[in-house]
>>> print(open('entry_17.cif').read())   # mmCIF, C-alpha atoms
data_protein
#
loop_
_atom_site.label_atom_id
_atom_site.label_comp_id
_atom_site.auth_asym_id
_atom_site.auth_seq_id
_atom_site.Cartn_x
_atom_site.Cartn_y
_atom_site.Cartn_z
CA MET A 509 65.69 123.60 87.15
CA LYS A 510 68.45 124.91 89.42
CA ILE A 511 71.89 123.44 88.74
CA LEU A 512 74.99 124.06 90.86
CA ILE A 513 78.42 123.47 89.27
CA VAL A 514 81.21 122.91 91.81
CA ASP A 515 84.84 122.97 90.66
CA ASP A 516 87.93 124.87 91.77
CA SER A 517 88.85 125.43 88.10
CA LYS A 518 87.05 128.35 86.45
CA ALA A 519 87.94 126.80 83.09
CA MET A 520 86.24 123.53 84.00
CA ARG A 521 83.13 125.32 85.30
CA MET A 522 82.87 127.03 81.90
CA ILE A 523 83.33 123.70 80.12
CA VAL A 524 80.60 122.06 82.21
CA ARG A 525 78.25 124.98 81.42
CA ARG A 526 79.03 124.62 77.73
CA THR A 527 78.54 120.87 77.81
CA LEU A 528 75.18 121.27 79.56
CA ARG A 529 74.07 123.50 76.68
CA GLN A 530 75.39 121.06 74.08
CA ALA A 531 73.57 118.22 75.86
CA GLY A 532 70.29 120.09 75.60
CA PHE A 533 70.18 121.40 79.15
CA ASP A 534 70.17 125.12 78.40
CA GLY A 535 67.65 127.58 79.77
CA HIS A 536 68.17 126.44 83.36
CA ASP A 537 69.33 128.49 86.35
CA VAL A 538 73.02 127.58 86.60
CA GLN A 539 75.11 128.71 89.58
CA GLU A 540 78.75 128.05 90.42
CA ALA A 541 80.88 127.36 93.49
CA GLY A 542 84.67 127.20 93.68
CA ASP A 543 84.96 124.44 96.30
CA GLY A 544 82.94 122.18 98.56
CA LYS A 545 82.69 124.74 101.35
CA GLU A 546 81.17 127.38 99.04
CA ALA A 547 78.90 124.73 97.55
CA LEU A 548 77.63 123.63 100.97
CA ALA A 549 76.63 127.20 101.80
CA ALA A 550 74.95 127.61 98.41
CA ILE A 551 73.04 124.32 98.74
CA ARG A 552 71.84 125.17 102.26
CA ALA A 553 70.74 128.63 101.07
CA SER A 554 68.84 127.64 97.94
CA GLN A 555 68.36 123.93 97.40
CA PRO A 556 69.36 123.19 93.80
CA ASP A 557 67.78 120.35 91.84
CA LEU A 558 71.14 119.04 90.70
CA VAL A 559 74.74 119.42 91.87
CA LEU A 560 77.61 118.62 89.48
CA SER A 561 80.74 118.41 91.60
CA ASP A 562 84.44 117.86 91.09
CA TRP A 563 86.18 115.46 93.52
CA ASN A 564 89.55 117.02 94.36
CA MET A 565 89.19 120.60 95.58
CA PRO A 566 90.84 122.75 98.26
CA GLU A 567 88.95 123.65 101.49
CA MET A 568 86.44 120.81 101.04
CA GLY A 569 86.47 118.11 98.39
CA GLY A 570 83.48 116.67 96.61
CA LEU A 571 83.27 113.48 98.65
CA GLU A 572 83.31 115.39 101.93
CA LEU A 573 80.64 117.73 100.53
CA LEU A 574 78.39 114.79 99.70
CA GLN A 575 78.99 113.06 103.03
CA THR A 576 78.18 116.28 104.88
CA LEU A 577 74.96 116.74 102.91
CA ARG A 578 73.81 113.19 103.56
CA SER A 579 74.64 113.50 107.26
CA GLU A 580 72.25 116.49 107.34
CA ASP A 581 69.65 114.35 105.55
CA ASN A 582 69.94 116.51 102.45
CA ARG A 583 68.98 114.28 99.50
CA VAL A 584 69.92 116.68 96.69
CA THR A 585 70.85 114.84 93.49
CA LEU A 586 74.63 115.05 93.22
CA GLY A 587 76.79 113.68 90.44
CA PHE A 588 80.54 113.81 90.28
CA VAL A 589 82.30 115.24 87.22
CA THR A 590 85.90 114.32 87.88
CA THR A 591 89.20 112.94 86.63
CA GLU A 592 88.83 110.28 89.36
CA GLY A 593 87.25 107.61 87.16
CA THR A 594 88.77 104.42 88.63
CA PRO A 595 86.45 101.59 89.79
CA GLU A 596 87.60 102.27 93.35
CA MET A 597 86.49 105.92 93.17
CA ARG A 598 83.20 105.01 91.48
CA ALA A 599 82.47 102.60 94.30
CA LYS A 600 83.27 105.30 96.90
CA ALA A 601 80.99 107.73 95.07
CA THR A 602 78.10 105.27 94.97
CA GLU A 603 78.57 104.31 98.60
CA ALA A 604 78.45 107.96 99.65
CA GLY A 605 75.19 108.48 97.77
CA ALA A 606 76.24 110.00 94.45
CA ALA A 607 73.73 109.58 91.64
CA PHE A 608 76.46 109.15 89.01
CA LEU A 609 80.08 109.82 88.18
CA ILE A 610 81.10 111.26 84.83
CA ALA A 611 84.83 110.93 84.20
CA LYS A 612 86.74 113.79 82.59
CA PRO A 613 87.30 114.30 79.72
CA PHE A 614 83.64 113.89 78.87
CA THR A 615 81.37 114.38 75.88
CA ALA A 616 77.99 116.07 75.59
CA ASP A 617 76.45 112.66 74.90
CA GLN A 618 77.71 111.33 78.25
CA PHE A 619 76.12 114.31 79.98
CA LYS A 620 72.88 113.85 78.08
CA ASN A 621 72.68 110.13 78.93
CA GLU A 622 73.44 110.48 82.65
CA LEU A 623 71.36 113.59 83.31
CA THR A 624 68.39 112.32 81.33
CA ARG A 625 68.46 109.07 83.29
CA HIS A 626 68.68 110.70 86.69
CA LEU A 627 66.45 113.69 86.20
CA SER A 628 63.55 112.05 84.39
CA MET B 797 104.80 102.71 92.31
CA LYS B 798 108.21 101.15 91.69
CA GLN B 799 106.78 98.17 89.82
CA VAL B 800 105.58 100.44 87.03
CA SER B 801 108.44 102.06 85.12
CA ILE B 802 108.49 105.76 84.36
CA GLU B 803 108.32 104.83 80.69
CA GLU B 804 105.00 103.03 81.35
CA TRP B 805 103.73 106.08 83.22
CA LEU B 806 104.76 108.20 80.24
CA GLU B 807 102.81 105.96 77.87
CA ALA B 808 99.74 106.23 80.10
CA ALA B 809 100.10 110.02 80.27
CA LEU B 810 100.56 110.29 76.50
CA ASP B 811 97.41 108.24 75.96
CA ALA B 812 95.52 110.49 78.38
CA LEU B 813 96.87 113.61 76.66
CA GLN B 814 95.74 112.24 73.30
CA GLN B 815 92.23 111.72 74.69
CA VAL B 816 92.16 115.25 76.12
CA GLY B 817 93.44 116.65 72.85
CA VAL B 818 90.71 115.06 70.77
CA THR B 819 87.80 115.29 73.23
CA LEU B 820 88.30 118.72 74.78
CA LEU B 821 90.82 120.65 72.66
CA GLY B 822 89.72 119.54 69.21
CA PHE B 823 93.26 118.61 68.22
CA ASP B 824 95.07 115.44 67.28
CA THR B 825 98.32 114.95 69.17
CA THR B 826 101.57 113.84 67.55
CA VAL B 827 104.41 112.49 69.64
CA GLN B 828 107.63 113.85 68.18
CA SER B 829 109.99 112.32 70.70
CA LYS B 830 109.34 110.06 73.68
CA THR B 831 112.74 110.27 75.25
CA GLY B 832 115.33 112.90 75.99
CA ALA B 833 113.38 115.95 74.83
CA SER B 834 114.58 119.16 76.46
CA GLN B 835 112.61 121.70 78.46
CA PRO B 836 113.26 124.99 76.62
CA SER B 837 113.89 127.85 79.03
CA GLU B 838 110.92 129.84 77.76
CA PHE B 839 108.47 127.00 78.45
CA ARG B 840 106.00 127.18 81.33
CA GLY B 841 103.11 125.00 82.41
CA ALA B 842 101.25 123.10 85.08
CA PHE B 843 102.13 120.03 87.12
CA THR B 844 99.88 117.66 89.05
CA ALA B 845 101.21 115.22 91.61
CA LEU B 846 100.34 111.54 91.98
CA MET B 847 101.31 110.02 95.32
CA THR B 848 101.58 106.68 97.05
CA PRO B 849 103.37 106.10 100.34
CA GLY B 850 107.06 106.70 99.76
CA HIS B 851 106.89 107.83 96.15
CA ALA B 852 105.69 110.88 94.28
CA LEU B 853 105.22 111.43 90.57
CA GLN B 854 104.77 114.84 88.97
CA ILE B 855 103.10 115.08 85.56
CA GLY B 856 103.40 118.39 83.72
CA VAL B 857 102.15 119.88 80.47
CA MET B 858 104.31 122.78 79.27
CA SER B 859 104.58 125.15 76.32
CA THR B 860 105.64 128.69 75.40
CA GLU B 861 103.60 131.65 76.65
CA ASP B 862 101.85 131.79 73.28
CA GLY B 863 101.41 128.01 73.26
CA CYS B 864 99.81 128.12 76.72
CA GLU B 865 97.37 130.78 75.49
CA GLN B 866 96.52 128.65 72.45
CA LEU B 867 95.87 125.66 74.71
CA GLY B 868 93.71 127.83 76.95
CA ARG B 869 91.72 129.12 73.97
CA ALA B 870 91.20 125.59 72.70
CA LEU B 871 90.02 124.37 76.11
CA LEU B 872 87.62 127.28 76.53
CA ALA B 873 86.51 127.30 72.86
CA MET B 874 87.52 130.98 72.59
CA PRO B 875 87.93 132.75 69.25
CA GLU B 876 91.51 133.71 68.39
CA ASP B 877 90.89 137.43 68.77
CA GLU B 878 89.07 137.26 72.11
CA PRO B 879 91.28 138.38 75.00
CA PHE B 880 91.47 136.47 78.25
CA ASP B 881 89.89 138.20 81.26
CA SER B 882 93.20 137.76 83.11
CA ALA B 883 96.51 135.87 83.06
CA GLU B 884 95.04 133.62 85.75
CA ASP B 885 92.57 132.25 83.21
CA VAL B 886 95.47 130.90 81.15
CA THR B 887 97.20 129.33 84.17
CA ASP B 888 93.88 127.88 85.29
CA ALA B 889 93.35 126.32 81.86
CA LEU B 890 96.84 124.75 81.89
CA ALA B 891 96.26 123.53 85.43
CA GLU B 892 93.09 121.80 84.33
CA ILE B 893 94.82 120.19 81.32
CA SER B 894 97.57 118.90 83.64
CA ASN B 895 94.90 117.63 86.05
CA LEU B 896 93.11 115.81 83.22
CA VAL B 897 96.31 114.16 81.99
CA ALA B 898 97.39 113.10 85.48
CA GLY B 899 93.91 111.80 86.29
CA GLY B 900 93.82 109.89 83.02
CA ALA B 901 97.24 108.39 83.68
CA LYS B 902 96.11 107.37 87.16
CA THR B 903 93.01 105.64 85.76
CA ARG B 904 95.14 103.73 83.26
CA ILE B 905 97.73 102.59 85.83
CA SER B 906 95.40 102.03 88.80
CA GLU B 907 94.84 98.32 88.13
CA ARG B 908 98.53 97.72 88.71
CA VAL B 909 99.13 100.28 91.42
CA PRO B 910 96.31 100.71 93.98
CA ASN B 911 95.82 103.66 96.33
CA ILE B 912 97.20 106.40 94.11
CA THR B 913 96.27 109.85 95.38
CA LEU B 914 95.86 112.68 92.93
CA GLY B 915 97.04 116.12 94.09
CA LEU B 916 95.96 119.60 93.07
CA PRO B 917 97.69 121.21 90.06
CA LEU B 918 100.38 123.85 90.29
CA PHE B 919 101.43 126.31 87.56
CA VAL B 920 105.17 126.86 87.06
CA ASP B 921 106.69 129.73 85.11
CA GLY B 922 109.91 128.33 83.65
CA PRO B 923 111.60 124.94 83.32
CA VAL B 924 111.46 122.50 86.22
CA HIS B 925 114.51 120.58 87.39
CA ALA B 926 114.28 117.45 89.51
CA GLN B 927 116.71 116.31 92.20
CA GLU B 928 119.51 114.00 91.11
CA SER B 929 117.77 111.07 92.82
CA ALA B 930 114.61 111.53 90.75
CA GLU B 931 113.83 109.83 87.46
CA ALA B 932 112.72 112.03 84.59
CA ALA B 933 110.96 111.51 81.26
CA VAL B 934 110.29 114.36 78.83
CA ALA B 935 108.34 113.84 75.63
CA ALA B 936 107.95 116.39 72.85
CA VAL B 937 104.32 116.43 71.74
CA ARG B 938 102.58 118.51 69.13
CA ILE B 939 98.95 119.22 70.13
CA GLY B 940 97.45 120.41 66.87
CA PRO B 941 99.75 123.27 65.89
CA ILE B 942 101.08 123.76 69.43
CA GLU B 943 104.52 122.53 70.49
CA THR B 944 104.44 121.15 74.03
CA ARG B 945 106.37 119.02 76.45
CA LEU B 946 104.90 116.26 78.61
CA VAL B 947 107.21 116.13 81.62
CA LEU B 948 107.31 113.40 84.27
CA PHE B 949 109.42 113.34 87.42
CA ARG B 950 109.38 110.50 89.93
CA SER B 951 111.10 110.60 93.28
CA THR B 952 112.89 107.42 94.17
CA ALA B 953 113.78 108.43 97.71
CA ILE B 954 111.65 107.08 100.54
CA LEU B 955 110.37 109.96 102.67
CA GLY B 956 109.91 110.10 106.45
#
>>> encode(input="entry_17.cif", output="structure tokens")
Amino acid sequence: MKILIVDDSKAMRMIVRRTLRQAGFDGHDVQEAGDGKEALAAIRASQPDLVLSDWNMPEMGGLELLQTLRSEDNRVTLGFVTTEGTPEMRAKATEAGAAFLIAKPFTADQFKNELTRHLS
Amino acid sequence: MKQVSIEEWLEAALDALQQVGVTLLGFDTTVQSKTGASQPSEFRGAFTALMTPGHALQIGVMSTEDGCEQLGRALLAMPEDEPFDSAEDVTDALAEISNLVAGGAKTRISERVPNITLGLPLFVDGPVHAQESAEAAVAAVRIGPIETRLVLFRSTAILG
């Protein structure tokens, strides 16, 4: 499985990688992007199976990334991994077509539960 | 944001910092002082802004240079003797911790204050001083063995 991690924080990208391993999702092809613009190019170039994206990023945020993908009829599975965990943001994420939203700080169990549910 | 006091924001940020400490850093946090703590001159750290029309709140997590490295190591699960690839990795780690605390505070306050916008974090090398018109709250917090400050500034001036 190809997984794309999108976050402007290198530290958070490392944490997401680590949490994927802890959740039992090791052995997959994991790539990274530093913002929505980089992610869009990466997704267009090699369609990943799963995108894990932050919300607030420079150049292009996660919501704009998702809206752009959906406007191009790209149905890639995208879940947000973000500090933006309010009901309002969750509703915006769902409306835009996100598969899930995992609020930071997160645990490996949360990753395991959400990814297992959406990738089965 | 005026209807929520800066003390309530501080409580929300402390709760968020506690959650970050336990979940991501592997440390319990101990609040040593909730009011009137100083910002030592050698402290540095990262601030993230929370904004609503007319008001801005800055939430910062600060420590010594060594303290910032310890926080970075804890966040990245690095062994004590492993060097960082660059100084930017430490500032990035602090920025993410500040982002997590500000985001957590926002989630906790959002039922009372709608439409809060979270900004991008900024690393600051040295103490931060607010304008006279701004409110300030500085708490001394021990994150595991690391002495830190949780710093909040809120502008009371209406912009524009």
>>> interface_residues(input="entry_17.cif", of="chain B", to="chain A", cutoff="12 Å", atoms="all atoms listed in the file", output="MDAnalysis selection string")
chainID B and resid 812:822 844 846 867:874 880:882 884:918
>>> closest_residue(input="entry_17.cif", among="A:Ile610, A:Leu512, A:Met568, A:Leu586", to="Ser554 of chain A", atoms="only C-alpha atoms")
A:Leu512
>>> residues_near_point(input="entry_17.cif", point="(78.1, 113.0, 101.0)", cutoff="10 Å", atoms="only C-alpha atoms", output="list in words")
Gly570, Leu571, Glu572, Leu573, Leu574, Gln575, Thr576, Leu577, Arg578, Ser579, Glu580, Asp581, Asn582, Arg583, Val584, Leu586, Ala601, Thr602, Glu603, Ala604, Gly605 and Ala606 of chain A
>>> resolve_selection(input="entry_17.cif", expression="the PyMOL selection byres ((chain B and resi 828) around 10)", output="PyMOL selection string")
chain B and resi 825-827+829-831+833+935-938+943-945
>>> residues_around(input="entry_17.cif", residues="Leu627 of chain A", least_positions_apart="2", cutoff="9 Å", atoms="all atoms listed in the file", output="list in words")
Asp557, Leu558, Thr585, Glu622, Leu623, Thr624 and Arg625 of chain A
>>> residues_around(input="entry_17.cif", residues="Ile511 of chain A", least_positions_apart="6", cutoff="9 Å", atoms="only C-alpha atoms", output="ChimeraX atom specification")
/A:536-540,556-560
>>> residues_around(input="entry_17.cif", residues="Ala541 of chain A", least_positions_apart="4", cutoff="7 Å", atoms="only C-alpha atoms", output="ChimeraX atom specification")
/A:513-515,546-547
>>> atom_distance(input="entry_17.cif", atom1="atom CA of Glu861 of chain B", atom2="atom CA of Val924 of chain B")
15.4 Å
>>> closest_residue(input="entry_17.cif", among="B:Asp862, B:Glu838, B:Glu928, B:Glu803", to="Ile942 of chain B", atoms="only C-alpha atoms")
B:Asp862
>>> atom_distance(input="entry_17.cif", atom1="atom CA of Arg950 of chain B", atom2="atom CA of Asp811 of chain B")
18.5 Å
>>> atom_distance(input="entry_17.cif", atom1="atom CA of Ser929 of chain B", atom2="atom CA of Thr860 of chain B")
27.6 Å
>>> resolve_selection(input="entry_17.cif", expression="the PyMOL selection byres ((chain A and resi 617) around 10)", output="tab-separated table (two decimals) with C-alpha atoms, keeping the file's coordinate frame")
chain	number	residue	atom	x	y	z
A	527	THR	CA	78.54	120.87	77.81
A	528	LEU	CA	75.18	121.27	79.56
A	530	GLN	CA	75.39	121.06	74.08
A	531	ALA	CA	73.57	118.22	75.86
A	532	GLY	CA	70.29	120.09	75.60
A	614	PHE	CA	83.64	113.89	78.87
A	615	THR	CA	81.37	114.38	75.88
A	616	ALA	CA	77.99	116.07	75.59
A	618	GLN	CA	77.71	111.33	78.25
A	619	PHE	CA	76.12	114.31	79.98
A	620	LYS	CA	72.88	113.85	78.08
A	621	ASN	CA	72.68	110.13	78.93
A	622	GLU	CA	73.44	110.48	82.65
A	623	LEU	CA	71.36	113.59	83.31
>>> axis_aligned_box(input="entry_17.cif", around="segment 600-603 of chain A", padding_each_side="4 Å", output="lines of an AutoDock Vina configuration file")
center_x = 80.7
center_y = 106.0
center_z = 96.8
size_x = 13.2
size_y = 11.4
size_z = 11.6
>>> build_atoms(input="entry_17.cif", residues="segment 884-895 of chain B", atoms="all heavy atoms", output="JSON list (two decimals), in the coordinates of the input")
[["chain", "number", "residue", "atom", "x", "y", "z"],
["B", 884, "GLU", "N", 95.42, 134.77, 84.92],
["B", 884, "GLU", "CA", 95.04, 133.62, 85.75],
["B", 884, "GLU", "C", 94.15, 132.64, 84.98],
["B", 884, "GLU", "O", 94.16, 131.45, 85.26],
["B", 884, "GLU", "CB", 94.28, 134.07, 87.01],
["B", 884, "GLU", "CG", 95.16, 134.59, 88.13],
["B", 884, "GLU", "CD", 95.73, 135.96, 87.85],
["B", 884, "GLU", "OE1", 95.08, 136.74, 87.12],
["B", 884, "GLU", "OE2", 96.84, 136.27, 88.35],
["B", 885, "ASP", "N", 93.41, 133.15, 84.00],
["B", 885, "ASP", "CA", 92.57, 132.25, 83.21],
["B", 885, "ASP", "C", 93.41, 131.28, 82.40],
["B", 885, "ASP", "O", 93.04, 130.14, 82.17],
["B", 885, "ASP", "CB", 91.66, 133.05, 82.28],
["B", 885, "ASP", "CG", 90.51, 133.72, 83.02],
["B", 885, "ASP", "OD1", 90.35, 133.46, 84.24],
["B", 885, "ASP", "OD2", 89.79, 134.52, 82.40],
["B", 886, "VAL", "N", 94.57, 131.76, 81.93],
["B", 886, "VAL", "CA", 95.47, 130.90, 81.15],
["B", 886, "VAL", "C", 96.10, 129.85, 82.08],
["B", 886, "VAL", "O", 96.14, 128.66, 81.76],
["B", 886, "VAL", "CB", 96.58, 131.72, 80.47],
["B", 886, "VAL", "CG1", 97.51, 130.80, 79.67],
["B", 886, "VAL", "CG2", 95.97, 132.77, 79.54],
["B", 887, "THR", "N", 96.59, 130.29, 83.24],
["B", 887, "THR", "CA", 97.20, 129.33, 84.17],
["B", 887, "THR", "C", 96.17, 128.33, 84.67],
["B", 887, "THR", "O", 96.48, 127.15, 84.83],
["B", 887, "THR", "CB", 97.88, 130.05, 85.36],
["B", 887, "THR", "OG1", 96.91, 130.76, 86.11],
["B", 887, "THR", "CG2", 98.94, 131.04, 84.88],
["B", 888, "ASP", "N", 94.96, 128.78, 84.87],
["B", 888, "ASP", "CA", 93.88, 127.88, 85.29],
["B", 888, "ASP", "C", 93.60, 126.82, 84.23],
["B", 888, "ASP", "O", 93.39, 125.64, 84.53],
["B", 888, "ASP", "CB", 92.63, 128.69, 85.60],
["B", 888, "ASP", "CG", 91.46, 127.81, 86.00],
["B", 888, "ASP", "OD1", 91.59, 127.05, 86.98],
["B", 888, "ASP", "OD2", 90.41, 127.86, 85.34],
["B", 889, "ALA", "N", 93.60, 127.26, 82.96],
["B", 889, "ALA", "CA", 93.35, 126.32, 81.86],
["B", 889, "ALA", "C", 94.46, 125.27, 81.79],
["B", 889, "ALA", "O", 94.18, 124.07, 81.63],
["B", 889, "ALA", "CB", 93.24, 127.07, 80.54],
["B", 890, "LEU", "N", 95.72, 125.70, 81.90],
["B", 890, "LEU", "CA", 96.84, 124.75, 81.89],
["B", 890, "LEU", "C", 96.77, 123.81, 83.08],
["B", 890, "LEU", "O", 97.03, 122.60, 82.97],
["B", 890, "LEU", "CB", 98.19, 125.48, 81.90],
["B", 890, "LEU", "CG", 98.87, 125.65, 80.55],
["B", 890, "LEU", "CD1", 99.33, 124.32, 79.95],
["B", 890, "LEU", "CD2", 97.95, 126.37, 79.55],
["B", 891, "ALA", "N", 96.40, 124.36, 84.23],
["B", 891, "ALA", "CA", 96.26, 123.53, 85.43],
["B", 891, "ALA", "C", 95.22, 122.45, 85.20],
["B", 891, "ALA", "O", 95.41, 121.29, 85.61],
["B", 891, "ALA", "CB", 95.89, 124.40, 86.63],
["B", 892, "GLU", "N", 94.14, 122.80, 84.56],
["B", 892, "GLU", "CA", 93.09, 121.80, 84.33],
["B", 892, "GLU", "C", 93.57, 120.76, 83.32],
["B", 892, "GLU", "O", 93.27, 119.57, 83.48],
["B", 892, "GLU", "CB", 91.82, 122.49, 83.83],
["B", 892, "GLU", "CG", 90.62, 121.55, 83.74],
["B", 892, "GLU", "CD", 90.29, 120.86, 85.06],
["B", 892, "GLU", "OE1", 90.43, 121.48, 86.13],
["B", 892, "GLU", "OE2", 89.89, 119.66, 84.99],
["B", 893, "ILE", "N", 94.29, 121.16, 82.29],
["B", 893, "ILE", "CA", 94.82, 120.19, 81.32],
["B", 893, "ILE", "C", 95.77, 119.22, 82.02],
["B", 893, "ILE", "O", 95.71, 118.00, 81.82],
["B", 893, "ILE", "CB", 95.52, 120.91, 80.15],
["B", 893, "ILE", "CG1", 94.47, 121.65, 79.30],
["B", 893, "ILE", "CG2", 96.29, 119.92, 79.28],
["B", 893, "ILE", "CD1", 95.07, 122.57, 78.24],
["B", 894, "SER", "N", 96.65, 119.75, 82.87],
["B", 894, "SER", "CA", 97.57, 118.90, 83.64],
["B", 894, "SER", "C", 96.79, 117.94, 84.54],
["B", 894, "SER", "O", 97.12, 116.76, 84.64],
["B", 894, "SER", "CB", 98.48, 119.81, 84.47],
["B", 894, "SER", "OG", 99.02, 119.14, 85.57],
["B", 895, "ASN", "N", 95.75, 118.44, 85.19],
["B", 895, "ASN", "CA", 94.90, 117.63, 86.05],
["B", 895, "ASN", "C", 94.25, 116.49, 85.26],
["B", 895, "ASN", "O", 94.21, 115.34, 85.70],
["B", 895, "ASN", "CB", 93.84, 118.53, 86.67],
["B", 895, "ASN", "CG", 92.89, 117.78, 87.59],
["B", 895, "ASN", "OD1", 93.30, 116.96, 88.39],
["B", 895, "ASN", "ND2", 91.60, 118.06, 87.48]]
